[in-house]
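Have a look at work14.tsv; it's TSV, C-alpha atoms and all ligand atoms:
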```tsv
chain	number	residue	atom	x	y	z
A	1	MET	CA	153.16	92.42	426.70
A	2	ALA	CA	156.15	91.79	428.88
A	3	ASP	CA	156.02	87.98	428.58
A	4	ILE	CA	156.33	88.18	424.79
A	5	GLU	CA	159.77	89.82	424.72
A	6	LEU	CA	162.64	87.33	424.80
A	7	THR	CA	165.09	87.47	427.68
A	8	THR	CA	167.94	86.76	425.22
A	9	PRO	CA	169.24	90.08	423.84
A	10	GLY	CA	169.40	90.79	420.10
A	11	TRP	CA	165.75	90.12	419.21
A	12	THR	CA	162.88	92.56	418.74
A	13	HIS	CA	159.29	91.33	418.83
A	14	THR	CA	157.60	92.30	415.54
A	15	TYR	CA	154.32	90.39	415.21
A	16	SER	CA	151.79	88.44	417.26
A	17	GLY	CA	149.68	85.94	415.37
A	18	LYS	CA	146.98	83.69	416.82
A	19	VAL	CA	149.44	80.93	417.61
A	20	ARG	CA	152.88	82.36	416.77
A	21	GLU	CA	155.19	85.20	417.73
A	22	LEU	CA	157.68	86.69	415.30
A	23	TYR	CA	160.93	88.47	416.12
A	24	ALA	CA	163.53	90.33	414.08
A	25	SER	CA	167.22	89.93	414.70
A	26	THR	CA	169.08	93.11	415.58
A	27	VAL	CA	172.47	91.58	414.82
A	28	LEU	CA	172.15	88.90	412.08
A	29	PRO	CA	171.49	89.69	408.41
A	30	PRO	CA	167.75	90.02	407.70
A	31	ARG	CA	166.32	87.07	409.59
A	32	VAL	CA	162.98	86.34	411.22
A	33	LEU	CA	162.57	84.14	414.30
A	34	MET	CA	159.25	82.30	414.13
A	35	VAL	CA	158.24	81.02	417.54
A	36	ALA	CA	155.32	78.60	417.79
A	37	THR	CA	153.31	78.86	421.00
A	38	ASP	CA	151.10	76.20	422.60
A	39	ARG	CA	148.06	78.33	421.81
A	40	VAL	CA	145.30	76.72	419.78
A	41	SER	CA	142.82	78.58	417.59
A	42	ALA	CA	139.57	77.56	415.97
A	43	PHE	CA	136.74	79.51	414.37
A	44	ASP	CA	138.99	82.61	414.39
A	45	HIS	CA	139.36	82.56	418.17
A	46	VAL	CA	142.35	81.73	420.32
A	47	LEU	CA	141.04	79.15	422.78
A	48	GLU	CA	141.92	78.46	426.40
A	49	PRO	CA	143.77	76.61	427.72
A	50	ALA	CA	146.84	76.07	425.57
A	51	ILE	CA	147.74	72.57	424.37
A	52	PRO	CA	150.91	71.49	426.21
A	53	GLY	CA	153.75	70.77	423.77
A	54	LYS	CA	151.86	71.93	420.68
A	55	GLY	CA	154.43	74.55	419.66
A	56	GLU	CA	157.32	72.10	419.82
A	57	LEU	CA	155.43	69.29	418.08
A	58	LEU	CA	154.31	71.45	415.17
A	59	THR	CA	157.77	72.97	414.80
A	60	ARG	CA	159.29	69.48	414.62
A	61	LEU	CA	156.72	68.51	411.99
A	62	SER	CA	157.42	71.60	409.87
A	63	LEU	CA	161.15	70.99	409.99
A	64	TRP	CA	160.69	67.33	409.05
A	65	TRP	CA	158.57	68.30	406.05
A	66	PHE	CA	161.03	70.95	404.90
A	67	ASP	CA	163.66	68.21	404.91
A	68	GLN	CA	161.36	65.82	402.99
A	69	LEU	CA	160.70	68.44	400.33
A	70	GLU	CA	164.29	68.55	399.17
A	71	GLY	CA	164.79	70.58	396.02
A	72	MET	CA	162.02	73.02	396.94
A	73	PRO	CA	163.68	76.33	397.96
A	74	ASN	CA	162.41	77.30	401.41
A	75	HIS	CA	162.87	80.13	403.86
A	76	LEU	CA	164.90	78.31	406.51
A	77	ALA	CA	168.11	80.15	407.35
A	78	PRO	CA	171.35	78.16	406.92
A	79	ARG	CA	171.61	75.68	409.78
A	80	GLU	CA	174.98	77.12	410.84
A	81	GLU	CA	173.08	80.22	411.98
A	82	TRP	CA	170.67	78.28	414.19
A	83	SER	CA	173.01	78.43	417.19
A	84	SER	CA	171.84	82.04	417.49
A	85	ILE	CA	168.28	80.95	418.32
A	86	PRO	CA	167.54	81.89	421.95
A	87	PRO	CA	167.67	78.73	424.11
A	88	GLU	CA	164.42	79.76	425.82
A	89	VAL	CA	162.45	79.04	422.60
A	90	ALA	CA	164.85	76.80	420.64
A	91	SER	CA	162.61	73.71	420.75
A	92	ARG	CA	159.72	75.52	419.11
A	93	ALA	CA	161.37	78.10	416.84
A	94	MET	CA	162.55	78.37	413.26
A	95	LEU	CA	165.15	80.89	412.08
A	96	VAL	CA	164.16	81.97	408.58
A	97	ARG	CA	165.32	84.30	405.85
A	98	GLU	CA	163.34	87.51	405.71
A	99	LEU	CA	161.22	87.33	402.55
A	100	THR	CA	158.73	89.57	400.85
A	101	MET	CA	155.63	87.51	401.45
A	102	TYR	CA	152.92	87.02	398.85
A	103	PRO	CA	149.44	87.86	400.22
A	104	ILE	CA	148.05	84.52	399.16
A	105	GLU	CA	147.11	81.41	401.14
A	106	CYS	CA	147.86	78.64	398.63
A	107	VAL	CA	145.22	76.06	399.59
A	108	VAL	CA	145.25	72.63	397.97
A	109	ARG	CA	142.42	70.15	398.54
A	110	GLY	CA	142.68	66.45	397.77
A	111	TYR	CA	139.44	65.51	399.53
A	112	LEU	CA	136.05	67.05	400.00
A	113	SER	CA	135.51	68.19	403.60
A	114	GLY	CA	134.96	71.16	405.90
A	115	SER	CA	133.89	74.37	404.19
A	116	GLY	CA	134.53	72.70	400.84
A	117	TRP	CA	131.81	70.11	401.55
A	118	VAL	CA	129.38	72.85	402.60
A	119	GLU	CA	130.04	74.80	399.40
A	120	TYR	CA	129.87	71.67	397.22
A	121	GLN	CA	126.39	70.83	398.49
A	122	GLU	CA	125.19	74.28	397.47
A	123	SER	CA	127.00	74.69	394.15
A	124	GLN	CA	128.64	71.40	393.15
A	125	SER	CA	131.88	73.38	393.18
A	126	VAL	CA	134.57	74.48	395.64
A	127	CYS	CA	135.94	78.02	395.41
A	128	GLY	CA	134.53	78.19	391.89
A	129	VAL	CA	136.17	74.92	390.80
A	130	PRO	CA	133.42	72.68	389.34
A	131	LEU	CA	133.35	69.10	390.65
A	132	PRO	CA	131.53	65.95	389.53
A	133	ALA	CA	128.05	65.28	390.92
A	134	GLY	CA	127.45	62.64	393.56
A	135	LEU	CA	130.45	63.25	395.80
A	136	ARG	CA	130.01	62.58	399.52
A	137	ASP	CA	131.57	64.28	402.53
A	138	GLY	CA	135.14	63.05	402.83
A	139	ASP	CA	135.39	61.72	399.28
A	140	ARG	CA	138.73	61.87	397.48
A	141	LEU	CA	138.56	64.38	394.63
A	142	PRO	CA	139.25	63.18	391.08
A	143	GLU	CA	142.45	65.22	391.36
A	144	PRO	CA	143.74	67.79	393.90
A	145	ILE	CA	142.40	71.30	393.34
A	146	TYR	CA	144.07	74.66	394.00
A	147	THR	CA	141.73	77.03	395.85
A	148	PRO	CA	143.67	80.14	396.88
A	149	ALA	CA	142.63	82.70	399.47
A	150	TRP	CA	143.65	86.30	400.04
A	151	LYS	CA	145.61	86.63	403.30
A	152	ALA	CA	143.59	89.11	405.29
A	153	PRO	CA	145.21	91.15	408.04
A	154	LEU	CA	145.09	89.61	411.52
A	155	GLY	CA	141.56	89.70	412.88
A	156	GLN	CA	139.89	89.60	409.46
A	157	HIS	CA	138.77	86.51	407.58
A	158	ASP	CA	140.92	85.18	404.75
A	159	GLU	CA	138.85	85.45	401.58
A	160	ASN	CA	138.60	82.69	398.96
A	161	ILE	CA	139.62	84.14	395.60
A	162	SER	CA	139.81	82.88	392.03
A	163	TYR	CA	143.07	82.02	390.30
A	164	GLU	CA	142.45	85.04	388.07
A	165	ARG	CA	142.36	87.29	391.15
A	166	THR	CA	145.75	85.91	392.21
A	167	VAL	CA	147.06	86.98	388.79
A	168	GLU	CA	145.81	90.50	389.51
A	169	LEU	CA	147.52	90.42	392.91
A	170	VAL	CA	150.94	89.00	392.00
A	171	GLY	CA	151.09	88.82	388.21
A	172	GLU	CA	150.72	85.89	385.82
A	173	THR	CA	154.21	84.41	386.23
A	174	VAL	CA	154.17	84.34	390.04
A	175	ALA	CA	150.50	83.27	390.19
A	176	ALA	CA	151.26	80.29	387.94
A	177	ALA	CA	154.37	79.44	389.98
A	178	LEU	CA	152.46	79.51	393.29
A	179	ARG	CA	149.73	77.28	391.82
A	180	ASP	CA	152.13	74.81	390.22
A	181	LEU	CA	154.45	74.65	393.25
A	182	SER	CA	151.49	74.16	395.61
A	183	LEU	CA	150.05	71.28	393.56
A	184	ALA	CA	153.48	69.67	393.14
A	185	ILE	CA	154.32	69.89	396.86
A	186	PHE	CA	150.87	68.57	397.77
A	187	GLY	CA	151.38	65.60	395.44
A	188	ARG	CA	154.77	64.75	396.93
A	189	ALA	CA	153.58	65.22	400.50
A	190	SER	CA	150.46	63.10	399.88
A	191	THR	CA	152.61	60.25	398.57
A	192	ILE	CA	154.97	60.47	401.55
A	193	ALA	CA	152.09	60.60	404.04
A	194	GLU	CA	150.13	57.75	402.42
A	195	ALA	CA	153.24	55.55	402.53
A	196	ARG	CA	153.01	56.03	406.31
A	197	GLY	CA	149.31	55.31	406.59
A	198	VAL	CA	148.19	58.93	406.71
A	199	ILE	CA	145.91	60.80	404.32
A	200	LEU	CA	146.74	64.46	403.66
A	201	ALA	CA	143.24	65.75	402.95
A	202	ASP	CA	144.08	69.41	402.44
A	203	THR	CA	146.68	72.02	403.37
A	204	LYS	CA	147.74	75.61	402.80
A	205	PHE	CA	151.12	76.92	401.80
A	206	GLU	CA	152.59	80.40	401.95
A	207	PHE	CA	155.42	81.65	399.76
A	208	GLY	CA	157.68	84.66	399.66
A	209	VAL	CA	160.45	85.96	397.44
A	210	ASP	CA	164.01	86.69	398.53
A	211	ASP	CA	166.30	89.55	397.46
A	212	ASP	CA	167.62	87.41	394.61
A	213	GLY	CA	164.11	86.85	393.22
A	214	VAL	CA	163.92	83.23	394.37
A	215	VAL	CA	160.39	82.14	395.28
A	216	ARG	CA	160.64	80.20	398.53
A	217	LEU	CA	158.24	78.00	400.49
A	218	ALA	CA	157.66	79.88	403.73
A	219	ASP	CA	155.62	79.92	406.94
A	220	GLU	CA	155.01	76.58	408.70
A	221	VAL	CA	154.48	73.70	406.32
A	222	LEU	CA	152.12	70.71	406.43
A	223	THR	CA	151.43	70.97	410.14
A	224	SER	CA	148.25	69.96	411.96
A	225	ASP	CA	147.38	73.67	412.08
A	226	SER	CA	147.74	74.22	408.33
A	227	SER	CA	146.48	70.82	407.16
A	228	ARG	CA	143.86	68.13	407.62
A	229	TYR	CA	145.33	64.69	408.27
A	230	TRP	CA	143.29	61.50	408.49
A	231	ASP	CA	144.12	57.94	409.53
A	232	ALA	CA	144.18	55.99	406.24
A	233	ALA	CA	143.18	52.65	407.78
A	234	ALA	CA	140.23	54.22	409.60
A	235	TYR	CA	139.21	56.01	406.39
A	236	ALA	CA	139.36	52.77	404.41
A	237	SER	CA	137.06	51.09	406.95
A	238	GLY	CA	134.52	53.89	406.60
A	239	ASN	CA	135.53	55.95	409.64
A	240	ARG	CA	135.91	59.37	408.13
A	241	ILE	CA	136.38	61.32	411.30
A	242	ALA	CA	139.63	59.81	412.60
A	243	SER	CA	141.60	62.98	412.15
A	244	PHE	CA	145.04	63.91	413.44
A	245	ASP	CA	144.43	67.62	413.47
A	246	LYS	CA	142.26	70.07	415.38
A	247	GLN	CA	139.02	68.28	414.50
A	248	ILE	CA	138.61	67.14	418.13
A	249	VAL	CA	138.66	70.80	419.17
A	250	ARG	CA	136.41	71.91	416.31
A	251	ASP	CA	133.84	69.21	417.05
A	252	TRP	CA	133.77	70.03	420.77
A	253	MET	CA	133.39	73.74	420.02
A	254	LYS	CA	130.51	73.07	417.60
A	255	ALA	CA	128.74	71.04	420.29
A	256	ASN	CA	129.39	73.50	423.14
A	257	TRP	CA	129.42	77.01	421.73
A	258	ASP	CA	126.85	78.89	419.70
A	259	GLY	CA	129.50	81.11	418.15
A	260	THR	CA	128.56	84.23	420.07
A	261	GLY	CA	130.58	85.92	422.79
A	262	GLU	CA	133.79	84.41	424.09
A	263	PRO	CA	134.26	80.66	423.44
A	264	PRO	CA	134.15	78.35	426.48
A	265	ALA	CA	137.37	76.88	427.89
A	266	LEU	CA	138.31	73.47	426.54
A	267	PRO	CA	137.87	70.65	429.06
A	268	ALA	CA	140.98	68.79	430.20
A	269	ASP	CA	140.14	65.62	428.27
A	270	ILE	CA	139.82	67.54	424.98
A	271	VAL	CA	143.17	69.21	425.64
A	272	GLU	CA	144.85	65.88	426.37
A	273	ARG	CA	143.23	64.05	423.45
A	274	THR	CA	144.33	66.83	421.10
A	275	ALA	CA	147.90	66.76	422.43
A	276	ALA	CA	147.90	62.97	422.07
A	277	ARG	CA	146.75	63.19	418.43
A	278	TYR	CA	149.52	65.71	417.68
A	279	ARG	CA	152.09	63.38	419.25
A	280	GLU	CA	150.66	60.39	417.37
A	281	LEU	CA	150.80	62.18	414.02
A	282	ILE	CA	154.43	63.23	414.48
A	283	ALA	CA	155.38	59.70	415.55
A	284	THR	CA	153.49	58.13	412.61
A	285	LEU	CA	154.97	60.44	409.98
A	286	THR	CA	158.48	61.01	411.26
A	287	GLY	CA	159.08	57.84	413.27
A	288	ALA	CA	160.36	60.00	416.12
B	301	LIG	N1	157.08	82.81	406.98
B	301	LIG	C1	157.56	83.85	406.89
B	301	LIG	C2	158.12	85.16	406.76
B	301	LIG	C3	159.40	85.31	406.22
B	301	LIG	N2	160.15	84.21	405.87
B	301	LIG	N3	159.93	86.55	406.06
B	301	LIG	C4	159.22	87.64	406.42
B	301	LIG	N4	157.99	87.55	406.98
B	301	LIG	C5	157.43	86.33	407.16
B	301	LIG	C6	156.10	86.30	407.77
B	301	LIG	C7	155.18	85.30	407.76
B	301	LIG	N5	154.07	85.67	408.47
B	301	LIG	N6	154.35	86.88	408.95
B	301	LIG	C8	153.43	87.54	409.87
B	301	LIG	C9	152.17	87.89	409.15
B	301	LIG	N7	152.40	89.08	408.38
B	301	LIG	C10	152.76	90.20	409.27
B	301	LIG	C11	152.85	91.48	408.46
B	301	LIG	O1	151.61	91.70	407.75
B	301	LIG	C12	151.30	90.63	406.86
B	301	LIG	C13	151.17	89.34	407.64
B	301	LIG	C14	155.56	87.31	408.54
```

As structure tokens, please, write out the structure in this file.
Ligand SMILES: N#Cc1c(N)ncnc1-c1cnn(CCN2CCOCC2)c1
Amino acid sequence: MADIELTTPGWTHTYSGKVRELYASTVLPPRVLMVATDRVSAFDHVLEPAIPGKGELLTRLSLWWFDQLEGMPNHLAPREEWSSIPPEVASRAMLVRELTMYPIECVVRGYLSGSGWVEYQESQSVCGVPLPAGLRDGDRLPEPIYTPAWKAPLGQHDENISYERTVELVGETVAAALRDLSLAIFGRASTIAEARGVILADTKFEFGVDDDGVVRLADEVLTSDSSRYWDAAAYASGNRIASFDKQIVRDWMKANWDGTGEPPALPADIVERTAARYRELIATLTGA
């Protein structure tokens, strides 16, 4: 697609995701340019229209979180290289080290919601992790749980897997590291978010390993696309739907699409309310 290629020379388009485009540098050492688009996806579909400013807002949020998680090796390229990012995408791009990515979505859940609530009602467990009886939708879990998924190729569903299956996929040492790092990062991020009046209900991390064998936090991190964020004050007053993420889009889709055929276009007010929630979350967390 012509509009995907960058006009700045030195970059080759390598991958189109639902909401991101990836490019390889033809001049720098192995680097990947991750460009966030304004596209929004839900229920495995890319929806129309795009959400104005989404790519930039979520990139800013990722970069803020990478900075908050000091001490956790990540995939960002040294900042002195960032001047090479093409100006045409600079506000919504990250220049990252090329890693060998692990095929695991490292999901951590601190609260019971979404597919986890559906599964809990049927089995009193989430992804095979047993939970106490009597929990309600939106309840905080006794402690955060690690519920990994296998990263399916684009177009296929990610598949919830057991911790033991992750051991088969990446070995015991790496599987334990991914679990422990995910739970530790979730704990730190939850504390930082709650100090700002925001609940981090759940999120997913991706990791890769560099040529020196260092396991690094990769992908986007703790964005509204990879996480559920709730307003803590609203939650405390019993309003358990005041979310800062794509819930507005998900709820509208559930009410206006039966899941067959192409999804309907989002109305202008849903687009604007979603953009406003993204802006509000970034302002609440980062102060910017
Ligand atoms: N983050 C990051 C990152 C990194 N730091 N280094 C190398 N690759 C990636 C990465 C992340 N996502 N994808 C696209 C999705 N893959 C496409 C290929 O097939 C598997 C899926 C590439």

Near-ligand residues for ligand LIG 301 (chain B), threshold 8 Å, all atoms listed in the file, as a CSV table (one decimal) with C-alpha atoms, in the coordinates of the input:
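Once written, out15.csv looks like this:
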```csv
chain,number,residue,atom,x,y,z
A,15,TYR,CA,154.3,90.4,415.2
A,16,SER,CA,151.8,88.4,417.3
A,17,GLY,CA,149.7,85.9,415.4
A,22,LEU,CA,157.7,86.7,415.3
A,31,ARG,CA,166.3,87.1,409.6
A,32,VAL,CA,163.0,86.3,411.2
A,34,MET,CA,159.2,82.3,414.1
A,75,HIS,CA,162.9,80.1,403.9
A,76,LEU,CA,164.9,78.3,406.5
A,96,VAL,CA,164.2,82.0,408.6
A,97,ARG,CA,165.3,84.3,405.8
A,98,GLU,CA,163.3,87.5,405.7
A,99,LEU,CA,161.2,87.3,402.6
A,100,THR,CA,158.7,89.6,400.8
A,101,MET,CA,155.6,87.5,401.4
A,103,PRO,CA,149.4,87.9,400.2
A,151,LYS,CA,145.6,86.6,403.3
A,152,ALA,CA,143.6,89.1,405.3
A,153,PRO,CA,145.2,91.2,408.0
A,154,LEU,CA,145.1,89.6,411.5
A,206,GLU,CA,152.6,80.4,402.0
A,207,PHE,CA,155.4,81.6,399.8
A,208,GLY,CA,157.7,84.7,399.7
A,218,ALA,CA,157.7,79.9,403.7
A,219,ASP,CA,155.6,79.9,406.9
A,220,GLU,CA,155.0,76.6,408.7
```

Do you have the CA of Thr59 (chain A)-CA of Ala275 (chain A) distance handy? 13.9 Å

Distance query Tyr229 (chain A) at most 8 Å, all atoms listed in the file, self and fewer than 5 positions along chain excluded, as a PyMOL selection string: chain A and resi 198-202+224+243-245

Neighbouring residues of Ala176 (chain A) were defined as those with any atom within 12 Å, considering all atoms listed in the file; residues of the same chain fewer than 3 positions away were excluded. Please report them as a list in words.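 Surrounding residues, per the criterion: Cys106, Tyr146, Pro148, Tyr163, Glu164, Arg165, Thr166, Val167, Glu168, Leu169, Val170, Gly171, Glu172, Thr173, Arg179, Asp180, Leu181, Ser182, Leu183 and Val215 of chain A.
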
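The coordinates place CA of Leu63 (chain A) at 19.6 Å from CA of Asp210 (chain A).
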
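Residue nearest Pro264 (chain A), chosen from A:Arg39, A:His13, A:Val46, A:Glu194 and counting only C-alpha atoms: A:Val46.
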
Closest of A:Val107, A:Ala42, A:Leu57, A:Ala193 to Ala276 (chain A) - atom-to-atom distances counting only C-alpha atoms: A:Leu57

Considering all atoms listed in the file, state which residue in the set A:Leu112, A:Leu217, A:Val19, A:Asp44 is at the smallest distance from Asp158 (chain A).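 Closest candidate: A:Asp44.
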
Write out as a ChimeraX atom specification which residues come within 9 Å of Thr8 (chain A) when counting only C-alpha atoms, dropping same-chain ones fewer than 6 positions away. /A:86-88

Atom pair CA of Ser62 (chain A) / CA of Ile248 (chain A): separation (Å): 21.0 Å

Give me the residues near region 122-132 of chain A as an MDAnalysis selection string, where near means some atom within 9 Å (using only C-alpha atoms) and where sequence neighbours in that chain fewer than 5 positions away do not count. chainID A and resid 112 115:117 141:142 145:148 160:162

So which one's closest to Glu70 (chain A), A:Val118, A:Val40, A:Ala189, A:Val27? Using all atoms listed in the file, please. A:Ala189

For region 48-66 of chain A, what centre and edge lengths in Å (one decimal) does the axis-aligned box get once 3 Å is added on each side of all its listed atoms, as lines of an AutoDock Vina configuration file?
```
center_x = 151.5
center_y = 72.9
center_z = 416.3
size_x = 25.2
size_y = 17.1
size_z = 28.8
```

What lies within 9 Å of Ile51 (chain A) using only C-alpha atoms, ignoring chain neighbours under 3 positions off, as a VMD selection string? chain A and resid 38 to 40 48 54 to 55 271 to 272 274 to 275

If you keep C-alpha atoms, can you produce a file of those selected residues as a compact mmCIF listing (two decimals), in the coordinates of the input?
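Final output, saved to selection_12.txt:
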```
# COMPACT_ATOMS: atom_id res chain seq x y z
CA ASP A 38 151.10 76.20 422.60
CA ARG A 39 148.06 78.33 421.81
CA VAL A 40 145.30 76.72 419.78
CA GLU A 48 141.92 78.46 426.40
CA LYS A 54 151.86 71.93 420.68
CA GLY A 55 154.43 74.55 419.66
CA VAL A 271 143.17 69.21 425.64
CA GLU A 272 144.85 65.88 426.37
CA THR A 274 144.33 66.83 421.10
CA ALA A 275 147.90 66.76 422.43
```

Would you mind telling me which residue in A:Ala90, A:Leu6, A:Leu47, A:Ala288 lies nearest to Met253 (chain A) when using only C-alpha atoms? A:Leu47

Once N, CA, C and O atoms are restored for region 31-47 of chain A, what would the output be as a CSV table (one decimal), in the frame of the given file?
```
chain,number,residue,atom,x,y,z
A,31,ARG,N,166.9,88.4,409.2
A,31,ARG,CA,166.3,87.1,409.6
A,31,ARG,C,165.1,87.3,410.4
A,31,ARG,O,164.9,88.4,411.1
A,32,VAL,N,164.2,86.3,410.4
A,32,VAL,CA,163.0,86.3,411.2
A,32,VAL,C,163.0,85.1,412.1
A,32,VAL,O,163.3,84.0,411.6
A,33,LEU,N,162.7,85.3,413.4
A,33,LEU,CA,162.6,84.1,414.3
A,33,LEU,C,161.1,83.9,414.5
A,33,LEU,O,160.3,84.7,414.9
A,34,MET,N,160.7,82.7,414.0
A,34,MET,CA,159.2,82.3,414.1
A,34,MET,C,159.1,81.4,415.3
A,34,MET,O,159.7,80.3,415.3
A,35,VAL,N,158.4,81.8,416.3
A,35,VAL,CA,158.2,81.0,417.5
A,35,VAL,C,156.8,80.5,417.6
A,35,VAL,O,155.9,81.3,417.6
A,36,ALA,N,156.7,79.2,417.7
A,36,ALA,CA,155.3,78.6,417.8
A,36,ALA,C,155.0,78.5,419.3
A,36,ALA,O,155.7,78.0,420.1
A,37,THR,N,153.8,79.0,419.6
A,37,THR,CA,153.3,78.9,421.0
A,37,THR,C,152.5,77.6,421.1
A,37,THR,O,152.2,76.9,420.2
A,38,ASP,N,152.0,77.3,422.4
A,38,ASP,CA,151.1,76.2,422.6
A,38,ASP,C,149.6,76.6,422.4
A,38,ASP,O,148.7,75.8,422.7
A,39,ARG,N,149.4,77.8,422.0
A,39,ARG,CA,148.1,78.3,421.8
A,39,ARG,C,147.4,77.5,420.7
A,39,ARG,O,148.0,77.1,419.7
A,40,VAL,N,146.1,77.4,420.8
A,40,VAL,CA,145.3,76.7,419.8
A,40,VAL,C,144.2,77.7,419.4
A,40,VAL,O,143.6,78.3,420.2
A,41,SER,N,143.9,77.7,418.1
A,41,SER,CA,142.8,78.6,417.6
A,41,SER,C,141.8,77.8,416.8
A,41,SER,O,142.2,76.7,416.1
A,42,ALA,N,140.6,78.2,416.8
A,42,ALA,CA,139.6,77.6,416.0
A,42,ALA,C,138.5,78.6,415.8
A,42,ALA,O,138.2,79.4,416.7
A,43,PHE,N,137.8,78.6,414.7
A,43,PHE,CA,136.7,79.5,414.4
A,43,PHE,C,137.2,80.9,414.6
A,43,PHE,O,136.5,81.7,415.2
A,44,ASP,N,138.4,81.2,414.3
A,44,ASP,CA,139.0,82.6,414.4
A,44,ASP,C,139.1,83.1,415.8
A,44,ASP,O,139.2,84.3,416.1
A,45,HIS,N,139.1,82.2,416.8
A,45,HIS,CA,139.4,82.6,418.2
A,45,HIS,C,140.5,81.8,418.7
A,45,HIS,O,140.7,80.6,418.4
A,46,VAL,N,141.3,82.4,419.6
A,46,VAL,CA,142.4,81.7,420.3
A,46,VAL,C,141.6,81.1,421.5
A,46,VAL,O,140.9,81.9,422.3
A,47,LEU,N,141.8,79.8,421.7
A,47,LEU,CA,141.0,79.2,422.8
A,47,LEU,C,141.9,79.0,424.0
A,47,LEU,O,143.1,79.1,424.0
```
